[in-house]
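Heads up: the structure comes next, in structure tokens.
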Amino acid sequence: MKVVLVGYMASGKSSVGKALAEEMGLEFIDLDHYIEEQQQMTISDIFREKGEIFFRKLEHEMLHRVLSENEDIVLSTGGGTPCYGTNMGTILNQADHSIYLQLPVSSLVERIAKEKEERPLVRELTDDELAEFVGKHLFERRQFYTRSTYVLDCHEKSIERLVEEIKQEL
Ligand code: S3P
């Protein structure tokens with residue numbers, strides 16, 4: 001079974017994905033980590049040294065590769081993965097389940113503010129700019145995320161509870 005998690009930065013895709021994979025006896029793959037291993041570079045360095053377009057092409061290729069080479073996985077994607085080119089179509093074609101981890105803008109802003117440095121898209125924003133950026137960006141990206149087969153409301157829920165809710169849907 002292939003399960004793909006999508007959602008905005010800091011929505012918990014990696015932590016929920018890891019816990020879900022463990023619970024279901026599936027392999028966990030984090031697309032950002034996979035890209036970092038392939039390139040032997042951090043995502044921040046790829047953005048800085050090679051630029052975002054290079055990253056998006058790589059992300060597109062790696063998404064195809066991971067989904068076609070693996071059978072029983074939980075894959076957590078990057079926040080932008082479903083929003084470029086044909087990526088969301090690929091996810092819908094290849095995965096048995098795609099799950100959008102949905103959180104309100106205020107919670108996302110709060111989480112992202114704590115780890116801004118590691119996130120190339122928001123690193124240089126002030127806290128006020130961050131709130132405006134996330135609001136607009138999520139508005140643009142929601143149309144891709146909501147094509148998922150299941151929208152999971154993650155507001156104020158523990159990882160254990162989210163894993164239970166996902167399991168009931170599969
Ligand atoms: C990005 C999200 C990041 C990473 C890259 C771009 C985005 O992944 O892929 O920095 O465009 O939202 P996370 O959602 O895991 O932070």
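Every chain in the structure tokens has a letter given in the order shown (A, B, ...), and although residue numbers restart at 1 in each chain, ligands are simply numbered from 1 in the order shown.
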* Non-local contacts of stretch 44-47 of chain A (10 Å; only C-alpha atoms; under 3 positions in same chain excluded) as an MDAnalysis selection string -> chainID A and resid 35:36 39:41 50:56 117:121 123
* Any idea what's packed within 6 Å of stretch 69-72 of chain A, counting only C-alpha atoms, ignoring anything in its chain fewer than 6 positions away? Could you give it as an MDAnalysis selection string? -> chainID A and resid 1:2 26
Just-selected residues, N, CA and C atoms written as a PDB file, in the first residue's frame:
```
ATOM      1  N   MET A   1       0.839  -1.195   0.000  1.00  0.00           N
ATOM      2  CA  MET A   1       0.000   0.000   0.000  1.00  0.00           C
ATOM      3  C   MET A   1       0.881   1.256   0.000  1.00  0.00           C
ATOM      4  N   LYS A   2       0.484   2.233  -0.829  1.00  0.00           N
ATOM      5  CA  LYS A   2       1.234   3.499  -0.844  1.00  0.00           C
ATOM      6  C   LYS A   2       0.357   4.606  -0.279  1.00  0.00           C
ATOM      7  N   LEU A  26       4.841  -0.291   7.508  1.00  0.00           N
ATOM      8  CA  LEU A  26       5.249   0.146   6.171  1.00  0.00           C
ATOM      9  C   LEU A  26       6.574   0.894   6.283  1.00  0.00           C
TER      10      LEU A  26
END
```
* Show which residues sit within 12 Å of A:Phe144, as a ChimeraX atom specification. Count only C-alpha atoms, and ignore same-chain residues fewer than 3 positions away. => /A:6-8,79-89,91-92,98-100,137-141,147-149,151
* When DSSP works through the backbone of this structure, what residues of stretch 2-157 of chain A end up as helix (DSSP H, G or I), shown as a ChimeraX atom specification? -> /A:13-24,31-39,43-50,52-69,81-83,87-94,105-114,116-118,127-145
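You can rank A:Gln38, A:Ser68, A:Ser107, A:Ser76 by their closest distance to ligand 1 using only C-alpha atoms and all ligand atoms, and at the top of that list sits A:Ser76.
Separating atom CA of A:Leu101 from atom CA of A:Leu31 is a distance of 15.9 Å.
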* DSSP says strand (DSSP E or B) for which residues of stretch 2-109 of chain A? Put them as JSON, numbers by chain? -> {"A": [2, 3, 4, 5, 6, 27, 28, 29, 30, 73, 74, 75, 76, 97, 98, 99, 100, 101, 102]}
Taking C-alpha atoms for each residue, export the selection above as a PDB file, in the first residue's frame.
```
ATOM      1  CA  LYS A   2       1.234   3.499  -0.844  1.00  0.00           C
ATOM      2  CA  VAL A   3       0.153   6.365   1.376  1.00  0.00           C
ATOM      3  CA  VAL A   4       1.257   9.925   0.593  1.00  0.00           C
ATOM      4  CA  LEU A   5       1.015  12.798   3.067  1.00  0.00           C
ATOM      5  CA  VAL A   6       0.737  16.345   1.767  1.00  0.00           C
ATOM      6  CA  GLU A  27       8.515   1.784   5.172  1.00  0.00           C
ATOM      7  CA  PHE A  28       8.692   5.529   5.836  1.00  0.00           C
ATOM      8  CA  ILE A  29      10.239   7.799   3.216  1.00  0.00           C
ATOM      9  CA  ASP A  30      10.619  11.553   3.621  1.00  0.00           C
ATOM     10  CA  ILE A  73       5.435   2.975   1.913  1.00  0.00           C
ATOM     11  CA  VAL A  74       4.264   6.051   3.722  1.00  0.00           C
ATOM     12  CA  LEU A  75       5.755   9.010   1.843  1.00  0.00           C
ATOM     13  CA  SER A  76       5.849  12.473   3.353  1.00  0.00           C
ATOM     14  CA  HIS A  97      -4.314   7.125  -0.402  1.00  0.00           C
ATOM     15  CA  SER A  98      -3.268  10.769  -0.305  1.00  0.00           C
ATOM     16  CA  ILE A  99      -3.881  12.654   2.903  1.00  0.00           C
ATOM     17  CA  TYR A 100      -3.874  16.415   3.382  1.00  0.00           C
ATOM     18  CA  LEU A 101      -2.810  17.396   6.890  1.00  0.00           C
ATOM     19  CA  GLN A 102      -4.858  20.549   7.319  1.00  0.00           C
TER      20      GLN A 102
END
```
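Interatomic distance, atom 2 (C, counted along the ligand's line) of ligand 1 against atom CA of A:Ile43: 8.9 Å.
Ranking A:Leu103, A:Leu67, A:Leu20, A:Met62 by their shortest atom-to-atom distance to A:Tyr145, with only C-alpha atoms included, puts A:Leu103 first.
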* Please identify all polymer residues within 12 Å of A:Ser158, counting only C-alpha atoms, omitting same-chain residues fewer than 3 positions from it, and present them as a list in words. => Gly12, Ser15, Val16, Ala19, Asp153, Cys154, His155, Arg161, Leu162, Val163, Glu164 and Glu165 of chain A
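If you look at atom CA of A:Gly17 and atom CA of A:Glu129, they are 29.6 Å away from each other.
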